[in-house]
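Data block for protein-v9.cif (mmCIF, C-alpha atoms and all ligand atoms):
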```cif
data_model
#
loop_
_atom_site.label_atom_id
_atom_site.label_comp_id
_atom_site.auth_asym_id
_atom_site.auth_seq_id
_atom_site.Cartn_x
_atom_site.Cartn_y
_atom_site.Cartn_z
CA MET A 1 0.00 0.00 0.00
CA ALA A 2 1.46 3.37 -1.01
CA GLU A 3 1.96 5.97 1.68
CA ILE A 4 1.58 9.74 1.33
CA VAL A 5 4.43 10.98 3.53
CA GLY A 6 3.41 14.65 3.46
CA ALA A 7 3.54 17.79 1.36
CA TYR A 8 6.28 20.29 0.56
CA PHE A 9 5.46 23.75 -0.76
CA THR A 10 7.85 26.40 -2.00
CA SER A 11 8.22 29.39 -4.30
CA HIS A 12 9.96 28.81 -7.63
CA VAL A 13 11.56 32.18 -8.45
CA PRO A 14 14.17 31.52 -11.19
CA ALA A 15 16.74 33.78 -9.47
CA ILE A 16 16.98 31.10 -6.74
CA GLY A 17 18.64 28.86 -9.34
CA GLY A 18 21.24 31.57 -10.01
CA ALA A 19 21.93 31.92 -6.27
CA ILE A 20 22.45 28.15 -5.94
CA HIS A 21 24.70 28.12 -9.02
CA ARG A 22 26.87 30.93 -7.58
CA GLY A 23 26.88 29.50 -4.04
CA ASP A 24 25.21 32.64 -2.65
CA GLN A 25 23.04 30.85 -0.08
CA GLN A 26 24.74 32.51 2.92
CA THR A 27 24.89 36.07 1.57
CA PRO A 28 22.68 38.62 3.40
CA TYR A 29 20.12 38.79 0.58
CA TRP A 30 19.64 35.02 0.27
CA LYS A 31 20.26 33.68 3.79
CA PRO A 32 16.77 34.35 5.22
CA PHE A 33 15.25 32.35 2.36
CA PHE A 34 17.73 29.45 2.39
CA ASP A 35 17.45 29.27 6.20
CA GLY A 36 14.07 27.66 5.56
CA PHE A 37 15.68 24.58 4.00
CA PRO A 38 17.73 22.65 6.60
CA LYS A 39 14.40 21.55 8.10
CA VAL A 40 13.15 20.49 4.63
CA HIS A 41 16.33 18.43 4.06
CA GLU A 42 16.03 16.84 7.51
CA TRP A 43 12.38 15.97 6.91
CA LEU A 44 12.97 14.50 3.45
CA ALA A 45 15.84 12.38 4.82
CA GLU A 46 13.45 11.12 7.48
CA VAL A 47 10.34 10.41 5.36
CA LYS A 48 12.35 9.16 2.34
CA PRO A 49 9.87 9.67 -0.50
CA ASP A 50 10.47 7.81 -3.75
CA VAL A 51 7.77 9.48 -5.84
CA ALA A 52 6.83 13.16 -6.12
CA VAL A 53 3.44 14.30 -7.42
CA VAL A 54 4.08 17.93 -8.29
CA PHE A 55 1.45 20.60 -8.89
CA ASN A 56 3.00 23.47 -10.81
CA ASN A 57 2.41 25.80 -13.74
CA ASP A 58 4.11 25.95 -17.09
CA HIS A 59 5.60 29.34 -18.01
CA GLY A 60 5.74 28.87 -21.79
CA LEU A 61 8.11 25.92 -22.15
CA ASN A 62 5.36 23.40 -23.03
CA PHE A 63 2.31 25.51 -23.66
CA PHE A 64 2.01 29.07 -24.88
CA LEU A 65 -0.91 31.48 -25.03
CA ASP A 66 -2.18 29.88 -28.25
CA LYS A 67 -2.75 26.47 -26.62
CA LEU A 68 -3.01 26.26 -22.86
CA PRO A 69 -4.73 23.34 -21.12
CA THR A 70 -6.48 24.14 -17.84
CA PHE A 71 -5.10 20.95 -16.25
CA ALA A 72 -2.36 18.80 -17.84
CA VAL A 73 -0.92 15.58 -16.41
CA GLY A 74 2.45 14.19 -17.48
CA ALA A 75 2.59 10.49 -18.34
CA ALA A 76 6.14 10.28 -19.66
CA ALA A 77 8.94 7.88 -18.72
CA GLU A 78 11.37 10.81 -18.62
CA TYR A 79 11.12 14.59 -18.46
CA SER A 80 13.84 17.07 -19.34
CA ASN A 81 14.50 20.69 -18.51
CA ALA A 82 15.31 23.15 -21.32
CA ASP A 83 16.68 26.66 -21.67
CA GLU A 84 13.97 29.16 -20.73
CA GLY A 85 16.17 32.22 -21.17
CA TRP A 86 16.86 32.84 -17.47
CA GLY A 87 20.58 32.03 -17.85
CA LEU A 88 20.26 29.02 -15.54
CA PRO A 89 22.20 25.78 -15.92
CA LEU A 90 20.21 22.91 -17.43
CA TYR A 91 18.98 20.55 -14.76
CA LYS A 92 19.34 16.77 -14.59
CA PRO A 93 16.66 14.70 -16.34
CA PHE A 94 13.68 13.58 -14.26
CA THR A 95 12.52 9.96 -14.27
CA GLY A 96 8.77 9.58 -14.65
CA HIS A 97 6.32 7.05 -13.24
CA PRO A 98 3.98 6.44 -16.20
CA GLU A 99 1.97 3.71 -14.43
CA LEU A 100 1.09 6.01 -11.53
CA SER A 101 0.46 8.88 -13.98
CA TRP A 102 -2.11 6.79 -15.87
CA HIS A 103 -3.73 5.67 -12.62
CA ILE A 104 -4.13 9.35 -11.64
CA ILE A 105 -5.40 10.20 -15.12
CA GLU A 106 -8.02 7.42 -14.94
CA GLN A 107 -9.23 8.76 -11.58
CA LEU A 108 -9.33 12.39 -12.77
CA VAL A 109 -11.26 11.59 -15.94
CA GLY A 110 -13.53 9.24 -13.96
CA ASP A 111 -14.21 12.17 -11.62
CA GLU A 112 -15.12 14.31 -14.68
CA PHE A 113 -11.98 16.47 -14.86
CA ASP A 114 -11.33 17.13 -18.56
CA ILE A 115 -7.54 17.05 -18.43
CA THR A 116 -4.87 16.95 -21.12
CA THR A 117 -2.57 13.92 -20.96
CA CYS A 118 1.02 14.54 -22.01
CA GLN A 119 3.27 11.63 -22.94
CA GLU A 120 5.98 14.19 -23.66
CA MET A 121 6.50 17.10 -21.34
CA LYS A 122 9.33 19.44 -20.38
CA VAL A 123 9.79 20.78 -16.89
CA ASP A 124 10.58 24.44 -16.30
CA HIS A 125 11.79 26.45 -13.29
CA ALA A 126 8.47 25.80 -11.52
CA LEU A 127 9.67 22.26 -10.93
CA SER A 128 13.47 22.34 -11.26
CA ILE A 129 13.96 25.08 -8.64
CA PRO A 130 11.91 23.33 -5.90
CA PHE A 131 13.81 20.10 -6.69
CA GLU A 132 17.19 21.87 -6.50
CA LEU A 133 16.14 23.36 -3.16
CA ALA A 134 14.96 20.01 -1.80
CA TRP A 135 17.85 17.82 -2.99
CA PRO A 136 20.77 20.23 -3.59
CA ASP A 137 23.57 17.67 -3.72
CA ALA A 138 21.87 14.71 -5.36
CA ALA A 139 23.76 13.10 -8.25
CA ALA A 140 20.36 11.96 -9.56
CA TRP A 141 16.89 12.98 -8.35
CA PRO A 142 15.90 10.50 -5.62
CA VAL A 143 12.20 10.53 -6.60
CA LYS A 144 10.21 9.55 -9.66
CA LEU A 145 8.02 12.31 -11.00
CA VAL A 146 4.35 12.79 -11.82
CA PRO A 147 3.94 16.44 -12.92
CA ILE A 148 0.52 18.11 -12.96
CA HIS A 149 0.16 21.53 -14.56
CA ILE A 150 -2.48 24.11 -13.74
CA ASN A 151 -3.08 27.08 -16.02
CA THR A 152 -2.22 30.13 -13.90
CA VAL A 153 -1.28 32.22 -16.94
CA GLN A 154 -3.98 32.61 -19.60
CA HIS A 155 -7.42 33.70 -18.37
CA PRO A 156 -9.94 32.28 -17.69
CA LEU A 157 -8.13 30.34 -14.94
CA PRO A 158 -9.72 27.47 -13.03
CA SER A 159 -11.23 28.56 -9.71
CA ALA A 160 -9.54 27.79 -6.39
CA LYS A 161 -12.52 25.56 -5.60
CA ARG A 162 -11.98 23.58 -8.81
CA CYS A 163 -8.23 23.24 -8.10
CA LEU A 164 -8.89 21.94 -4.58
CA ALA A 165 -11.42 19.45 -5.98
CA MET A 166 -8.90 18.35 -8.63
CA GLY A 167 -6.27 17.81 -5.92
CA ARG A 168 -8.76 15.77 -3.89
CA SER A 169 -9.40 13.59 -6.93
CA VAL A 170 -5.63 13.00 -7.16
CA HIS A 171 -5.72 12.05 -3.48
CA ARG A 172 -8.34 9.38 -4.21
CA ALA A 173 -6.02 8.02 -6.91
CA LEU A 174 -3.06 7.92 -4.52
CA ALA A 175 -5.16 6.30 -1.80
CA SER A 176 -6.17 3.47 -4.16
CA TRP A 177 -2.69 2.91 -5.63
CA THR A 178 -1.57 -0.57 -4.60
CA GLY A 179 2.18 -0.01 -5.08
CA ALA A 180 4.55 0.33 -2.12
CA GLU A 181 5.77 3.82 -3.00
CA ARG A 182 6.32 6.61 -0.49
CA ILE A 183 4.74 9.64 -2.10
CA VAL A 184 5.48 13.30 -1.41
CA VAL A 185 3.03 15.87 -2.74
CA ILE A 186 4.60 19.14 -3.89
CA GLY A 187 3.02 22.52 -4.64
CA THR A 188 5.15 25.27 -6.18
CA GLY A 189 4.94 29.00 -6.93
CA GLY A 190 3.59 32.06 -5.19
CA LEU A 191 3.15 33.50 -2.82
CA SER A 192 1.99 37.01 -3.69
CA HIS A 193 3.77 38.56 -6.66
CA GLN A 194 3.14 40.63 -9.73
CA LEU A 195 5.83 40.81 -12.39
CA ASP A 196 4.30 43.31 -14.80
CA GLY A 197 1.89 46.18 -15.24
CA LYS A 198 1.19 49.13 -12.94
CA ARG A 199 1.38 46.99 -9.80
CA ALA A 200 4.70 45.29 -10.69
CA GLY A 201 6.43 44.44 -7.41
CA PHE A 202 3.10 44.12 -5.54
CA ILE A 203 3.31 41.86 -2.47
CA ASN A 204 0.54 41.26 0.11
CA PRO A 205 1.79 39.74 3.41
CA ASP A 206 -1.74 39.77 4.91
CA TYR A 207 -3.17 37.57 2.17
CA ASP A 208 -0.06 35.35 2.22
CA ARG A 209 -0.48 34.88 5.97
CA PHE A 210 -4.17 34.08 5.51
CA CYS A 211 -3.26 31.38 2.95
CA MET A 212 -0.47 29.87 5.08
CA ASP A 213 -2.57 29.96 8.26
CA HIS A 214 -5.45 28.03 6.63
CA LEU A 215 -3.54 25.69 4.32
CA ALA A 216 -3.29 22.79 6.79
CA SER A 217 -6.43 23.20 8.88
CA ASP A 218 -9.04 24.66 6.53
CA PRO A 219 -8.01 24.68 2.85
CA ASP A 220 -11.63 25.35 1.81
CA ALA A 221 -11.14 28.85 3.30
CA LEU A 222 -8.77 29.53 0.38
CA THR A 223 -11.55 28.86 -2.11
CA GLY A 224 -13.75 31.76 -0.97
CA HIS A 225 -12.19 34.26 -3.39
CA SER A 226 -12.92 34.44 -7.10
CA ILE A 227 -9.96 34.48 -9.51
CA ARG A 228 -10.50 38.24 -9.98
CA GLU A 229 -10.29 38.73 -6.21
CA MET A 230 -7.22 36.49 -6.02
CA VAL A 231 -5.48 38.59 -8.68
CA ARG A 232 -6.30 41.68 -6.62
CA LEU A 233 -5.12 40.08 -3.37
CA ALA A 234 -2.09 38.10 -4.58
CA GLY A 235 -1.02 39.88 -7.79
CA THR A 236 -1.24 38.63 -11.37
CA GLN A 237 1.33 35.88 -10.81
CA GLY A 238 0.39 35.31 -7.15
CA VAL A 239 -2.47 33.17 -8.46
CA GLU A 240 0.16 30.42 -8.49
CA ILE A 241 -1.26 29.73 -5.02
CA LEU A 242 -3.70 27.56 -7.06
CA ASN A 243 -0.85 25.00 -7.27
CA TRP A 244 -0.58 24.99 -3.47
CA ILE A 245 -4.35 24.60 -3.09
CA ALA A 246 -4.46 21.60 -5.44
CA ALA A 247 -1.45 20.02 -3.71
CA ARG A 248 -3.17 20.50 -0.36
CA GLY A 249 -6.18 18.62 -1.74
CA ALA A 250 -3.94 15.75 -2.84
CA LEU A 251 -2.52 15.41 0.68
CA GLY A 252 -5.88 14.26 2.10
CA GLU A 253 -8.48 15.41 4.57
CA CYS A 254 -6.52 16.15 7.78
CA ALA A 255 -3.12 17.78 7.87
CA ARG A 256 -0.89 19.61 10.28
CA GLU A 257 1.80 22.17 9.63
CA ILE A 258 5.30 21.16 10.70
CA HIS A 259 7.39 23.93 9.15
CA ARG A 260 7.06 27.42 7.70
CA ASN A 261 9.47 30.03 6.36
CA TYR A 262 8.36 33.35 4.85
CA HIS A 263 10.63 36.05 3.51
CA ILE A 264 10.01 39.23 1.50
CA PRO A 265 11.13 39.75 -1.19
CA ILE A 266 13.03 37.28 -3.31
CA SER A 267 13.19 39.01 -6.66
CA ASN A 268 9.58 40.29 -6.99
CA THR A 269 8.04 37.55 -4.91
CA ALA A 270 6.99 36.82 -1.33
CA ALA A 271 9.00 33.63 -0.88
CA ALA A 272 7.42 30.93 1.28
CA THR A 273 8.30 27.37 2.18
CA MET A 274 6.05 25.00 4.12
CA LEU A 275 5.89 21.35 5.15
CA LEU A 276 2.65 19.58 6.05
CA GLU A 277 2.08 16.08 7.31
CA THR A 278 -1.12 14.09 7.37
CA ALA A 279 -2.67 14.34 10.82
C1 LIG A 301 9.57 35.44 -10.57
C2 LIG A 301 8.59 34.68 -9.92
C3 LIG A 301 7.97 33.62 -10.58
O1 LIG A 301 6.98 32.86 -10.02
C4 LIG A 301 8.33 33.30 -11.88
O2 LIG A 301 7.73 32.24 -12.46
C5 LIG A 301 9.30 34.05 -12.54
C6 LIG A 301 9.92 35.12 -11.88
C7 LIG A 301 10.28 36.57 -9.88
O3 LIG A 301 9.86 37.01 -8.79
O4 LIG A 301 11.31 37.03 -10.40
FE FE A 302 6.08 31.49 -11.54
#
```
For this file, write the structure as structure tokens.
Amino acid sequence: MAEIVGAYFTSHVPAIGGAIHRGDQQTPYWKPFFDGFPKVHEWLAEVKPDVAVVFNNDHGLNFFLDKLPTFAVGAAAEYSNADEGWGLPLYKPFTGHPELSWHIIEQLVGDEFDITTCQEMKVDHALSIPFELAWPDAAAWPVKLVPIHINTVQHPLPSAKRCLAMGRSVHRALASWTGAERIVVIGTGGLSHQLDGKRAGFINPDYDRFCMDHLASDPDALTGHSIREMVRLAGTQGVEILNWIAARGALGECAREIHRNYHIPISNTAAATMLLETA
């Protein structure tokens, strides 16, 4: 019987990759953010996941504004990173888990989620940065990957309520998976940030705190805002909190927070890292 060991959430600002590449983790700008990670490393070493189900958003590497699925699930045997123009090194390839992907896809479609299945998929900074942060010295990634993409880019976006329901459907798939895997759920992106327009640089610590405070105990509280309200509260790119909401759904009904780090700003973003366990 597979076990869901918990959930890991973090921001995926590309500049983090540059800081890791340069070894800047202990400089005054970066230290408060990287200080959130010894606990993550300790926890991962303890719970030893061998599969990661990752809720993230594509930033143009797979899908562009002309074709953008609302929900897309990877079902590939391998995923690679590619140059996105951020000047980051290319990351190691990621081994997939196609059998588990198809099991999740069957559940999602059975639960009436009209997803796109992708037997080829690239991973961008939304996935590579959280992996680099989690396993900084790994020669090869220690987990197999099932990536799930949510459209947080091209409106209309799926509602927070729909994302939580989608995550809960993934949870049902994980709960019925008969393999012996130890599964970590990952949500990436956010928290509040806006990269463009009149409000570029906008950050909202009150809304971020509201999201972090309710994530474990009452995730439905995060579904009370419309997408328009979420854009106002979190910024145009802060809607990446949808990835966190879906990941929280995939964790299961009861959860407790075991770790939190919040630091403003990293680049243009309120950078947050959290760990949740099933309660
Ligand atoms: C930044 C944040 C993001 O979520 C992203 O995808 C790209 C850039 C930033 O703050 O620089
Ligand atoms: Fe992003």
For this session: Please check which residues have atoms at most 12 Å from (18.9, 35.2, 4.1) in the file's coordinates, counting all atoms listed in the file, and write them as a ChimeraX atom specification.
Result: /A:16,19,24-37,261-266,271
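For the residues A:Phe71, A:Gly238, A:Phe113, A:Ser169, ranking by smallest atom-to-atom distance to ligand FE 302 (chain A) using all atoms listed in the file places A:Gly238 first.
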Problem set entry | Spatial neighbours of Cys163 (chain A), max dist 6 Å, only C-alpha atoms, sep filter under 3 positions, as a list of chain:residue names | A:Ala160, A:Met166, A:Ala246
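The two atoms in question, CA of Ile150 (chain A) and CA of Lys122 (chain A), are spaced 14.3 Å apart.
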Exercise. Which chains and residue numbers are within 6 Å of ligand LIG 301 (chain A), counting all atoms listed in the file, if I want them as a VMD selection string?
Worked result: chain A and resid 12 to 14 189 to 190 267 to 269
Problem set entry | Residue neighbourhood Glu84 (chain A), 9 Å, only C-alpha atoms, exclusion window fewer than 6 positions, as a ChimeraX atom specification | /A:59-61,124-125
Generate the output file for the selected residues, C-alpha atoms, as a PDB file, in the frame of the given file.
```pdb
ATOM      1  CA  HIS A  59       5.600  29.340 -18.010  1.00  0.00           C
ATOM      2  CA  GLY A  60       5.740  28.870 -21.790  1.00  0.00           C
ATOM      3  CA  LEU A  61       8.110  25.920 -22.150  1.00  0.00           C
ATOM      4  CA  ASP A 124      10.580  24.440 -16.300  1.00  0.00           C
ATOM      5  CA  HIS A 125      11.790  26.450 -13.290  1.00  0.00           C
TER       6      HIS A 125
END
```
